[in-house]
$ cat final-v5.tsv   # TSV, C-alpha atoms
chain	number	residue	atom	x	y	z
A	45	MET	CA	80.81	62.68	53.57
A	46	ALA	CA	80.97	63.70	57.21
A	47	LYS	CA	84.75	63.93	57.09
A	48	LYS	CA	84.63	66.66	54.46
A	49	LYS	CA	82.32	68.80	56.56
A	50	TYR	CA	84.69	68.60	59.51
A	51	LYS	CA	87.67	69.44	57.34
A	52	VAL	CA	85.92	72.48	55.95
A	53	LYS	CA	85.14	73.73	59.45
A	54	ALA	CA	88.71	73.13	60.52
A	55	LYS	CA	90.00	75.17	57.58
A	56	GLN	CA	87.66	78.03	58.46
A	57	VAL	CA	88.87	78.04	62.05
A	58	LYS	CA	92.48	78.08	60.89
A	59	ALA	CA	91.76	80.97	58.55
A	60	LYS	CA	90.21	82.99	61.36
A	61	SER	CA	93.11	82.35	63.73
A	62	ALA	CA	95.67	83.18	61.03
A	63	GLU	CA	94.38	86.75	60.70
A	64	ALA	CA	96.82	89.34	61.96
A	65	LYS	CA	95.83	90.66	65.35
A	66	PRO	CA	97.52	93.62	66.93
A	67	ARG	CA	99.57	92.44	69.88
A	68	LYS	CA	100.57	94.39	72.88
A	69	THR	CA	104.30	94.47	73.28
A	70	GLY	CA	105.47	94.07	76.82
A	71	ARG	CA	103.73	94.73	80.08
A	72	LYS	CA	102.41	97.97	81.36
A	73	GLN	CA	105.40	99.75	82.77
A	74	LYS	CA	104.91	101.71	85.93
A	75	ASP	CA	106.65	104.96	86.51
A	76	ILE	CA	109.87	104.34	88.44
A	77	ALA	CA	109.09	107.07	90.96
A	78	ASP	CA	105.58	105.76	91.60
A	79	PHE	CA	106.02	104.49	95.16
A	80	PRO	CA	103.05	103.75	97.40
A	81	PHE	CA	104.38	105.89	100.26
A	82	GLY	CA	105.76	109.37	100.41
A	83	ARG	CA	109.04	110.65	101.80
A	84	LYS	CA	107.56	111.20	105.25
A	85	ASN	CA	106.49	107.55	105.45
A	86	TYR	CA	109.95	106.27	104.61
A	87	ILE	CA	111.55	108.56	107.18
A	88	LEU	CA	109.18	107.19	109.83
A	89	PHE	CA	109.97	103.62	108.75
A	90	GLY	CA	113.67	104.39	109.10
A	91	ALA	CA	113.12	105.82	112.58
A	92	ALA	CA	111.13	102.71	113.54
A	93	ILE	CA	113.92	100.42	112.34
A	94	LEU	CA	116.49	102.47	114.24
A	95	VAL	CA	114.44	102.26	117.46
A	96	LEU	CA	113.98	98.51	116.98
A	97	VAL	CA	117.70	97.95	116.44
A	98	LEU	CA	118.48	100.00	119.54
A	99	GLY	CA	115.90	97.96	121.47
A	100	PHE	CA	117.44	94.66	120.41
A	101	ILE	CA	120.95	95.93	121.21
A	102	ALA	CA	119.76	96.99	124.66
A	103	LEU	CA	118.13	93.58	125.12
A	104	TRP	CA	121.35	91.83	124.07
A	105	MET	CA	123.32	93.88	126.59
A	106	GLY	CA	120.98	92.72	129.35
A	107	ASP	CA	119.03	95.92	129.99
A	108	ILE	CA	115.53	94.76	130.91
A	109	THR	CA	114.04	98.22	131.52
A	110	ILE	CA	114.65	100.26	128.37
A	111	ALA	CA	114.74	97.41	125.80
A	112	PRO	CA	111.05	96.44	126.07
A	113	VAL	CA	110.03	100.10	125.97
A	114	LEU	CA	112.01	100.69	122.77
A	115	LEU	CA	110.64	97.53	121.16
A	116	VAL	CA	107.02	98.36	122.01
A	117	VAL	CA	107.43	101.93	120.75
A	118	GLY	CA	108.99	100.66	117.53
A	119	TYR	CA	106.47	97.92	116.80
A	120	CYS	CA	103.26	99.37	118.23
A	121	VAL	CA	103.69	103.09	117.65
A	122	LEU	CA	106.20	104.03	114.94
A	123	ILE	CA	105.47	101.35	112.34
A	124	PRO	CA	101.66	101.88	112.41
A	125	ILE	CA	102.17	105.65	112.26
A	126	ALA	CA	104.51	105.22	109.28
A	127	ILE	CA	101.87	103.18	107.48
A	128	LEU	CA	98.89	105.39	108.30
A	129	VAL	CA	100.36	108.86	107.76
A	130	LYS	CA	99.54	110.33	104.37
A	131	GLY	CA	102.92	111.16	102.94
A	132	ARG	CA	101.95	111.59	99.32
A	133	LYS	CA	100.30	114.76	98.16
A	134	GLN	CA	97.15	114.18	96.19
A	135	GLU	CA	96.57	116.23	93.09
A	136	PRO	CA	94.63	119.37	93.94
A	137	GLU	CA	90.99	119.30	93.05
A	138	PRO	CA	89.75	121.96	90.65
A	139	GLU	CA	88.31	124.92	92.47
A	140	THR	CA	84.58	125.33	92.17
A	141	GLN	CA	82.49	128.24	93.26
A	142	SER	CA	80.52	127.45	96.37
A	143	GLU	CA	76.79	127.97	96.50
A	144	SER	CA	77.08	130.14	99.62
A	145	GLU	CA	78.67	132.90	97.54
A	146	PRO	CA	76.29	133.54	94.66
A	147	GLN	CA	77.78	135.19	91.63
A	148	SER	CA	76.41	138.66	90.99
A	149	PRO	CA	75.26	139.38	87.43
A	150	PRO	CA	77.47	141.73	85.47
A	151	GLU	CA	76.37	145.34	85.62
A	152	THR	CA	75.20	146.87	82.34
A	153	GLU	CA	74.86	150.51	81.57
A	154	ALA	CA	71.44	151.60	80.46
A	155	SER	CA	71.59	153.82	77.39
A	156	SER	CA	68.75	156.25	76.83
$ encode --input "final-v5.tsv" --output "structure tokens"
Amino acid sequence: MAKKKYKVKAKQVKAKSAEAKPRKTGRKQKDIADFPFGRKNYILFGAAILVLVLGFIALWMGDITIAPVLLVVGYCVLIPIAILVKGRKQEPEPETQSESEPQSPPETEASS
């Protein structure tokens, strides 16, 4: 008798899982132009890479005065600046009337 009870429950579970459920097709697609940094950030990253390459070239050529300066400027100054500078414009916030400038009530003409 116990076997029948389990079979009935199994059939109910199958019936519930067989119901059509709406499925999401694909993943959420991000906008192609939705980059985390703005144009200014990428320009600064490019400048940092250029300075680093010049520093390594100077180091390879045996210059021990300018190479470390270029490498320190590239790694410790330009790359952090490129990361920290806000290059993307945020959407403007809606303008609200400040409390310091109270709105005057509209003037009404008195009719006699």
$ residues_around --input "final-v5.tsv" --residues "Gly118 of chain A" --least-positions-apart "5" --cutoff "7 Å" --atoms "all atoms listed in the file" --output "mmCIF file with C-alpha atoms, in the frame of the given file"
data_model
loop_
_atom_site.group_PDB
_atom_site.id
_atom_site.type_symbol
_atom_site.label_atom_id
_atom_site.label_comp_id
_atom_site.auth_asym_id
_atom_site.auth_seq_id
_atom_site.Cartn_x
_atom_site.Cartn_y
_atom_site.Cartn_z
ATOM 1 C CA ALA A 92 111.130 102.710 113.540
ATOM 2 C CA VAL A 95 114.440 102.260 117.460
ATOM 3 C CA LEU A 96 113.980 98.510 116.980
ATOM 4 C CA ILE A 123 105.470 101.350 112.340
#
$ atom_distance --input "final-v5.tsv" --atom1 "atom CA of Phe89 of chain A" --atom2 "atom CA of Leu128 of chain A"
11.2 Å
$ atom_distance --input "final-v5.tsv" --atom1 "atom CA of Gly99 of chain A" --atom2 "atom CA of Tyr119 of chain A"
10.5 Å
$ atom_distance --input "final-v5.tsv" --atom1 "atom CA of Ile87 of chain A" --atom2 "atom CA of Met105 of chain A"
27.0 Å
$ closest_residue --input "final-v5.tsv" --among "A:Phe81, A:Leu114, A:Glu151, A:Ile127" --to "Leu94 of chain A" --atoms "all atoms listed in the file"
A:Leu114
$ closest_residue --input "final-v5.tsv" --among "A:Arg83, A:Gly131, A:Leu115, A:Asp78" --to "Ala102 of chain A" --atoms "all atoms listed in the file"
A:Leu115
$ decode --input "final-v5.tsv" --residues "segment 105-135 of chain A" --atoms "N, CA and C atoms" --output "PDB file, in the first residue's frame"
ATOM      1  N   MET A 105      68.951  50.947 -22.510  1.00  0.00           N
ATOM      2  CA  MET A 105      70.093  51.632 -23.116  1.00  0.00           C
ATOM      3  C   MET A 105      71.166  51.955 -22.073  1.00  0.00           C
ATOM      4  N   GLY A 106      70.884  51.776 -20.816  1.00  0.00           N
ATOM      5  CA  GLY A 106      71.884  51.970 -19.781  1.00  0.00           C
ATOM      6  C   GLY A 106      71.804  53.305 -19.069  1.00  0.00           C
ATOM      7  N   ASP A 107      70.785  54.085 -19.338  1.00  0.00           N
ATOM      8  CA  ASP A 107      70.641  55.383 -18.665  1.00  0.00           C
ATOM      9  C   ASP A 107      70.059  55.148 -17.275  1.00  0.00           C
ATOM     10  N   ILE A 108      70.854  55.423 -16.247  1.00  0.00           N
ATOM     11  CA  ILE A 108      70.379  55.151 -14.893  1.00  0.00           C
ATOM     12  C   ILE A 108      69.884  56.407 -14.183  1.00  0.00           C
ATOM     13  N   THR A 109      69.735  57.520 -14.911  1.00  0.00           N
ATOM     14  CA  THR A 109      69.213  58.727 -14.273  1.00  0.00           C
ATOM     15  C   THR A 109      67.765  58.994 -14.678  1.00  0.00           C
ATOM     16  N   ILE A 110      67.465  58.921 -15.964  1.00  0.00           N
ATOM     17  CA  ILE A 110      66.115  59.268 -16.416  1.00  0.00           C
ATOM     18  C   ILE A 110      65.170  58.060 -16.360  1.00  0.00           C
ATOM     19  N   ALA A 111      65.689  56.845 -16.528  1.00  0.00           N
ATOM     20  CA  ALA A 111      64.841  55.651 -16.559  1.00  0.00           C
ATOM     21  C   ALA A 111      64.052  55.467 -15.263  1.00  0.00           C
ATOM     22  N   PRO A 112      64.681  55.519 -14.092  1.00  0.00           N
ATOM     23  CA  PRO A 112      63.888  55.348 -12.868  1.00  0.00           C
ATOM     24  C   PRO A 112      62.854  56.450 -12.670  1.00  0.00           C
ATOM     25  N   VAL A 113      63.191  57.656 -13.089  1.00  0.00           N
ATOM     26  CA  VAL A 113      62.232  58.772 -12.966  1.00  0.00           C
ATOM     27  C   VAL A 113      61.010  58.497 -13.824  1.00  0.00           C
ATOM     28  N   LEU A 114      61.229  58.077 -15.074  1.00  0.00           N
ATOM     29  CA  LEU A 114      60.101  57.791 -15.966  1.00  0.00           C
ATOM     30  C   LEU A 114      59.257  56.627 -15.437  1.00  0.00           C
ATOM     31  N   LEU A 115      59.900  55.614 -14.913  1.00  0.00           N
ATOM     32  CA  LEU A 115      59.156  54.462 -14.392  1.00  0.00           C
ATOM     33  C   LEU A 115      58.337  54.823 -13.152  1.00  0.00           C
ATOM     34  N   VAL A 116      58.911  55.612 -12.269  1.00  0.00           N
ATOM     35  CA  VAL A 116      58.169  56.025 -11.063  1.00  0.00           C
ATOM     36  C   VAL A 116      56.999  56.918 -11.440  1.00  0.00           C
ATOM     37  N   VAL A 117      57.223  57.836 -12.374  1.00  0.00           N
ATOM     38  CA  VAL A 117      56.130  58.721 -12.810  1.00  0.00           C
ATOM     39  C   VAL A 117      55.018  57.898 -13.456  1.00  0.00           C
ATOM     40  N   GLY A 118      55.398  56.925 -14.272  1.00  0.00           N
ATOM     41  CA  GLY A 118      54.386  56.093 -14.934  1.00  0.00           C
ATOM     42  C   GLY A 118      53.579  55.263 -13.967  1.00  0.00           C
ATOM     43  N   TYR A 119      54.293  54.553 -13.063  1.00  0.00           N
ATOM     44  CA  TYR A 119      53.605  53.639 -12.148  1.00  0.00           C
ATOM     45  C   TYR A 119      52.927  54.345 -10.975  1.00  0.00           C
ATOM     46  N   CYS A 120      53.580  55.348 -10.422  1.00  0.00           N
ATOM     47  CA  CYS A 120      53.086  55.940  -9.169  1.00  0.00           C
ATOM     48  C   CYS A 120      52.276  57.210  -9.357  1.00  0.00           C
ATOM     49  N   VAL A 121      52.320  57.790 -10.548  1.00  0.00           N
ATOM     50  CA  VAL A 121      51.588  59.037 -10.759  1.00  0.00           C
ATOM     51  C   VAL A 121      50.516  58.867 -11.835  1.00  0.00           C
ATOM     52  N   LEU A 122      50.919  58.501 -13.048  1.00  0.00           N
ATOM     53  CA  LEU A 122      49.978  58.502 -14.166  1.00  0.00           C
ATOM     54  C   LEU A 122      48.913  57.405 -14.074  1.00  0.00           C
ATOM     55  N   ILE A 123      49.295  56.206 -13.706  1.00  0.00           N
ATOM     56  CA  ILE A 123      48.291  55.135 -13.625  1.00  0.00           C
ATOM     57  C   ILE A 123      47.270  55.405 -12.514  1.00  0.00           C
ATOM     58  N   PRO A 124      47.672  55.807 -11.305  1.00  0.00           N
ATOM     59  CA  PRO A 124      46.641  56.143 -10.300  1.00  0.00           C
ATOM     60  C   PRO A 124      45.758  57.315 -10.715  1.00  0.00           C
ATOM     61  N   ILE A 125      46.354  58.312 -11.361  1.00  0.00           N
ATOM     62  CA  ILE A 125      45.538  59.442 -11.833  1.00  0.00           C
ATOM     63  C   ILE A 125      44.529  58.955 -12.865  1.00  0.00           C
ATOM     64  N   ALA A 126      44.962  58.085 -13.779  1.00  0.00           N
ATOM     65  CA  ALA A 126      44.061  57.575 -14.813  1.00  0.00           C
ATOM     66  C   ALA A 126      42.911  56.781 -14.206  1.00  0.00           C
ATOM     67  N   ILE A 127      43.159  56.125 -13.091  1.00  0.00           N
ATOM     68  CA  ILE A 127      42.091  55.352 -12.449  1.00  0.00           C
ATOM     69  C   ILE A 127      41.150  56.261 -11.666  1.00  0.00           C
ATOM     70  N   LEU A 128      41.695  57.258 -11.000  1.00  0.00           N
ATOM     71  CA  LEU A 128      40.899  58.072 -10.087  1.00  0.00           C
ATOM     72  C   LEU A 128      40.145  59.220 -10.736  1.00  0.00           C
ATOM     73  N   VAL A 129      40.596  59.695 -11.881  1.00  0.00           N
ATOM     74  CA  VAL A 129      39.931  60.825 -12.541  1.00  0.00           C
ATOM     75  C   VAL A 129      38.559  60.385 -13.033  1.00  0.00           C
ATOM     76  N   LYS A 130      37.567  61.227 -12.809  1.00  0.00           N
ATOM     77  CA  LYS A 130      36.223  60.930 -13.294  1.00  0.00           C
ATOM     78  C   LYS A 130      36.140  61.357 -14.749  1.00  0.00           C
ATOM     79  N   GLY A 131      36.131  60.394 -15.624  1.00  0.00           N
ATOM     80  CA  GLY A 131      36.106  60.685 -17.047  1.00  0.00           C
ATOM     81  C   GLY A 131      34.726  60.606 -17.639  1.00  0.00           C
ATOM     82  N   ARG A 132      33.820  59.922 -16.965  1.00  0.00           N
ATOM     83  CA  ARG A 132      32.461  59.775 -17.469  1.00  0.00           C
ATOM     84  C   ARG A 132      31.571  60.836 -16.880  1.00  0.00           C
ATOM     85  N   LYS A 133      30.766  61.430 -17.713  1.00  0.00           N
ATOM     86  CA  LYS A 133      29.810  62.415 -17.218  1.00  0.00           C
ATOM     87  C   LYS A 133      28.610  61.673 -16.644  1.00  0.00           C
ATOM     88  N   GLN A 134      28.220  62.083 -15.467  1.00  0.00           N
ATOM     89  CA  GLN A 134      27.024  61.524 -14.848  1.00  0.00           C
ATOM     90  C   GLN A 134      25.820  62.254 -15.409  1.00  0.00           C
ATOM     91  N   GLU A 135      24.688  61.598 -15.411  1.00  0.00           N
ATOM     92  CA  GLU A 135      23.478  62.242 -15.893  1.00  0.00           C
ATOM     93  C   GLU A 135      23.135  63.404 -14.978  1.00  0.00           C
TER      94      GLU A 135
END
